[in-house]
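Novice: One file: protein.cif (mmCIF, C-alpha atoms).
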```
data_model
loop_
_atom_site.group_PDB
_atom_site.id
_atom_site.type_symbol
_atom_site.label_atom_id
_atom_site.label_comp_id
_atom_site.auth_asym_id
_atom_site.auth_seq_id
_atom_site.Cartn_x
_atom_site.Cartn_y
_atom_site.Cartn_z
ATOM 1 C CA MET A 153 23.125 -1.012 16.102
ATOM 2 C CA SER A 154 20.314 -2.512 14.068
ATOM 3 C CA LEU A 155 20.472 -3.389 10.415
ATOM 4 C CA ILE A 156 18.284 -1.550 7.941
ATOM 5 C CA GLN A 157 17.536 -3.459 4.718
ATOM 6 C CA ARG A 158 16.613 -1.478 1.616
ATOM 7 C CA LYS A 159 15.264 -3.192 -1.493
ATOM 8 C CA GLU A 160 14.904 -1.793 -4.997
ATOM 9 C CA THR A 161 16.675 1.400 -3.965
ATOM 10 C CA LYS A 162 16.953 4.268 -6.406
ATOM 11 C CA GLN A 163 18.139 7.848 -5.924
ATOM 12 C CA ARG A 164 14.831 9.114 -4.486
ATOM 13 C CA MET A 165 13.469 6.127 -2.568
ATOM 14 C CA SER A 166 13.503 2.431 -1.797
ATOM 15 C CA ARG A 167 10.424 0.354 -2.641
ATOM 16 C CA ILE A 168 10.865 -1.626 0.593
ATOM 17 C CA VAL A 169 12.665 -0.771 3.822
ATOM 18 C CA ILE A 170 12.875 -3.326 6.645
ATOM 19 C CA HIS A 171 13.976 -2.439 10.166
ATOM 20 C CA GLN A 172 13.668 -4.622 13.266
ATOM 21 C CA GLY A 173 10.923 -6.783 11.759
ATOM 22 C CA THR A 174 8.874 -3.847 10.451
ATOM 23 C CA VAL A 175 8.293 -3.423 6.717
ATOM 24 C CA TYR A 176 7.794 0.012 5.171
ATOM 25 C CA LEU A 177 6.562 0.224 1.582
ATOM 26 C CA CYS A 178 6.884 3.297 -0.574
ATOM 27 C CA GLY A 179 3.635 4.666 -1.995
ATOM 28 C CA GLN A 180 1.990 2.250 -4.424
ATOM 29 C CA VAL A 181 -0.247 3.281 -7.305
ATOM 30 C CA ALA A 182 -2.232 1.454 -9.968
ATOM 31 C CA ALA A 183 -0.595 -0.721 -12.602
ATOM 32 C CA ASP A 184 -2.662 1.100 -15.259
ATOM 33 C CA ALA A 185 -3.664 4.663 -14.417
ATOM 34 C CA THR A 186 -6.122 4.834 -17.323
ATOM 35 C CA LYS A 187 -8.568 2.548 -15.465
ATOM 36 C CA ASP A 188 -11.374 3.535 -13.063
ATOM 37 C CA ILE A 189 -11.052 3.728 -9.270
ATOM 38 C CA THR A 190 -12.090 0.093 -8.768
ATOM 39 C CA GLU A 191 -9.407 -1.320 -11.041
ATOM 40 C CA GLN A 192 -6.780 1.188 -9.891
ATOM 41 C CA THR A 193 -7.436 0.208 -6.276
ATOM 42 C CA GLN A 194 -7.281 -3.535 -7.043
ATOM 43 C CA THR A 195 -4.030 -3.385 -9.003
ATOM 44 C CA MET A 196 -2.504 -1.082 -6.370
ATOM 45 C CA LEU A 197 -3.355 -3.641 -3.657
ATOM 46 C CA ASP A 198 -1.984 -6.453 -5.842
ATOM 47 C CA LYS A 199 1.339 -4.582 -5.925
ATOM 48 C CA VAL A 200 1.247 -4.205 -2.135
ATOM 49 C CA GLU A 201 0.752 -7.975 -1.768
ATOM 50 C CA THR A 202 3.704 -8.704 -4.052
ATOM 51 C CA LEU A 203 6.017 -6.350 -2.164
ATOM 52 C CA LEU A 204 4.912 -7.676 1.218
ATOM 53 C CA ALA A 205 5.638 -11.242 0.095
ATOM 54 C CA GLU A 206 9.115 -10.130 -1.005
ATOM 55 C CA ALA A 207 9.643 -8.753 2.527
ATOM 56 C CA ASN A 208 8.378 -11.906 4.320
ATOM 57 C CA SER A 209 5.027 -10.376 5.209
ATOM 58 C CA ASP A 210 1.447 -10.395 3.949
ATOM 59 C CA LYS A 211 -1.814 -8.463 4.224
ATOM 60 C CA LYS A 212 -2.653 -10.122 7.567
ATOM 61 C CA HIS A 213 0.450 -8.420 8.987
ATOM 62 C CA ILE A 214 -0.321 -4.846 7.875
ATOM 63 C CA LEU A 215 -0.100 -2.541 10.874
ATOM 64 C CA SER A 216 -1.024 0.741 9.229
ATOM 65 C CA ALA A 217 -2.192 2.005 5.845
ATOM 66 C CA THR A 218 -2.508 5.564 4.598
ATOM 67 C CA ILE A 219 -4.649 5.911 1.501
ATOM 68 C CA TYR A 220 -4.494 9.017 -0.658
ATOM 69 C CA ILE A 221 -7.518 9.486 -2.906
ATOM 70 C CA LYS A 222 -7.810 12.101 -5.617
ATOM 71 C CA ASP A 223 -11.544 12.699 -5.157
ATOM 72 C CA MET A 224 -13.734 11.655 -2.232
ATOM 73 C CA LYS A 225 -16.535 10.899 -4.688
ATOM 74 C CA ASP A 226 -14.594 7.637 -5.264
ATOM 75 C CA PHE A 227 -14.364 6.813 -1.532
ATOM 76 C CA ALA A 228 -17.175 4.214 -1.488
ATOM 77 C CA ALA A 229 -15.918 2.419 -4.611
ATOM 78 C CA MET A 230 -12.362 2.336 -3.268
ATOM 79 C CA ASN A 231 -13.618 1.044 0.090
ATOM 80 C CA ALA A 232 -15.569 -1.759 -1.598
ATOM 81 C CA VAL A 233 -12.328 -3.103 -3.085
ATOM 82 C CA TRP A 234 -10.407 -2.505 0.163
ATOM 83 C CA ASP A 235 -13.048 -4.265 2.284
ATOM 84 C CA ALA A 236 -13.001 -7.331 0.017
ATOM 85 C CA TRP A 237 -9.168 -7.406 0.104
ATOM 86 C CA VAL A 238 -8.515 -7.088 3.852
ATOM 87 C CA PRO A 239 -8.830 -10.452 5.617
ATOM 88 C CA GLU A 240 -11.587 -10.509 8.232
ATOM 89 C CA GLY A 241 -10.208 -9.753 11.670
ATOM 90 C CA HIS A 242 -6.986 -8.248 10.264
ATOM 91 C CA ALA A 243 -7.975 -4.655 9.508
ATOM 92 C CA PRO A 244 -4.987 -2.348 10.089
ATOM 93 C CA ALA A 245 -5.005 1.131 11.527
ATOM 94 C CA ARG A 246 -5.939 3.267 8.526
ATOM 95 C CA ALA A 247 -6.269 6.850 7.375
ATOM 96 C CA CYS A 248 -7.697 8.074 4.101
ATOM 97 C CA VAL A 249 -7.160 11.612 2.860
ATOM 98 C CA GLN A 250 -7.993 13.503 -0.294
ATOM 99 C CA ALA A 251 -4.792 14.570 -2.044
ATOM 100 C CA SER A 252 -3.385 15.907 -5.273
ATOM 101 C CA MET A 253 -1.594 13.132 -7.132
ATOM 102 C CA ALA A 254 1.828 13.139 -8.788
ATOM 103 C CA ARG A 255 0.158 12.452 -12.158
ATOM 104 C CA PRO A 256 -3.362 13.661 -12.997
ATOM 105 C CA GLU A 257 -4.625 10.229 -14.131
ATOM 106 C CA LEU A 258 -3.818 8.600 -10.781
ATOM 107 C CA LEU A 259 -6.895 8.232 -8.575
ATOM 108 C CA VAL A 260 -5.467 6.460 -5.503
ATOM 109 C CA GLU A 261 -2.172 5.724 -3.755
ATOM 110 C CA ILE A 262 -1.349 3.775 -0.606
ATOM 111 C CA SER A 263 1.509 3.737 1.879
ATOM 112 C CA VAL A 264 1.801 0.619 4.060
ATOM 113 C CA ILE A 265 3.653 -0.385 7.222
ATOM 114 C CA ALA A 266 3.592 -4.089 8.128
ATOM 115 C CA ALA A 267 5.198 -6.591 10.466
ATOM 116 C CA GLN A 268 7.271 -9.413 9.078
ATOM 117 C CA LYS A 269 6.009 -12.950 9.635
ATOM 118 C CA CYS A 270 7.646 -14.801 12.489
ATOM 119 C CA SER A 271 10.089 -17.395 11.184
#
```
Would you write out, as structure tokens, the structure that this file holds?
Specialist:
Amino acid sequence: MSLIQRKETKQRMSRIVIHQGTVYLCGQVAADATKDITEQTQTMLDKVETLLAEANSDKKHILSATIYIKDMKDFAAMNAVWDAWVPEGHAPARACVQASMARPELLVEISVIAAQKCS
């Protein structure tokens, strides 16, 4: 039987789940939803980095990312931030879909699966 670690668990979800060296992050959104797509994307990715570090991982270890974007008109601007953030040679498998958001001011959300760093 393998151990499942859950961090920052509330009734509805855990912010981080770790199982057999794989890190699953709950959906991350912008720190300030009043900002434009560029700033929302950057602060969302900053939150991902913080959570990955807490789980002994980093952006070079991301296996898969699913990005939910409110309006595809913002796709290029979101990608510009994403492309600058992902380390060269470490692009994960990725999907990007247009989606309704939980709050109308949110423009982007990301769900990430990553590997832990080897000790």
Novice: Tell me, in Å to one decimal, how far atom CA of Tyr176 of chain A is from atom CA of Ala243 of chain A.
Specialist: 17.0 Å
Novice: Contacts of Thr190 of chain A at 12 Å or less, counting all atoms listed in the file, minus same-chain residues fewer than 6 places along, as a list of chain:residue names?
Specialist: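 The neighbour list is A:Ala182, A:Asp184, A:Met196, A:Leu197, A:Ile221, A:Asp226, A:Phe227, A:Ala228, A:Ala229, A:Met230, A:Asn231, A:Ala232, A:Val233, A:Trp234, A:Asp235, A:Ala236, A:Trp237, A:Leu259, A:Val260.
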Novice: Give as a ChimeraX atom specification each residue that has an atom at most 9 Å from (1.2, 0.3, 6.0) in the file, counting all atoms listed in the file.
Specialist: /A:175-177,214-218,244-246,262-266
Novice: Within 9 Å of (8.1, -7.8, 8.3) in the file's own coordinates, which protein, DNA or RNA residues have an atom, counting all atoms listed in the file? List them as a short mmCIF file (atom, residue, chain, number, x, y, z; two decimals) with C-alpha atoms, keeping the file's coordinate frame.
Specialist:
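The file below, part-v4.cif, is the result:
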```
data_model
loop_
_atom_site.label_atom_id
_atom_site.label_comp_id
_atom_site.auth_asym_id
_atom_site.auth_seq_id
_atom_site.Cartn_x
_atom_site.Cartn_y
_atom_site.Cartn_z
CA ILE A 170 12.88 -3.33 6.64
CA HIS A 171 13.98 -2.44 10.17
CA GLN A 172 13.67 -4.62 13.27
CA GLY A 173 10.92 -6.78 11.76
CA THR A 174 8.87 -3.85 10.45
CA VAL A 175 8.29 -3.42 6.72
CA TYR A 176 7.79 0.01 5.17
CA LEU A 204 4.91 -7.68 1.22
CA ALA A 207 9.64 -8.75 2.53
CA ASN A 208 8.38 -11.91 4.32
CA SER A 209 5.03 -10.38 5.21
CA ASP A 210 1.45 -10.40 3.95
CA HIS A 213 0.45 -8.42 8.99
CA ILE A 214 -0.32 -4.85 7.88
CA ILE A 265 3.65 -0.38 7.22
CA ALA A 266 3.59 -4.09 8.13
CA ALA A 267 5.20 -6.59 10.47
CA GLN A 268 7.27 -9.41 9.08
CA LYS A 269 6.01 -12.95 9.64
CA CYS A 270 7.65 -14.80 12.49
#
```
Novice: Measuring atom to atom with all atoms listed in the file, identify which of A:Ser166, A:Thr193, A:Thr161, A:Thr186 is nearest to Glu261 of chain A.
Specialist: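 Distance minimum relative to Glu261 of chain A lands on A:Thr193.
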Novice: Considering only C-alpha atoms, state which residue in the set A:Ala185, A:Val238, A:Leu203, A:Cys178 is at the smallest distance from Pro256 of chain A.
Specialist: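 For Pro256 of chain A, the nearest of the candidates is A:Ala185.
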Novice: Quick check, in Å to one decimal: how far apart do atom CA of Thr202 of chain A and atom CA of Val249 of chain A lie?
Specialist: 24.1 Å
Novice: Quick check, in Å to one decimal: how far apart do atom CA of Gln180 of chain A and atom CA of Asp223 of chain A lie?
Specialist: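 Atom CA of Asp223 of chain A lies 17.1 Å from atom CA of Gln180 of chain A.
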Novice: At a cut-off of 10 Å, using all atoms listed in the file, what residues contact Glu206 of chain A? Leave out same-chain residues fewer than 6 positions from it and give the result as a list in words.
Specialist: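 Once the adjacent positions are removed, what remains is Lys159, Ile168 and Val200 of chain A.
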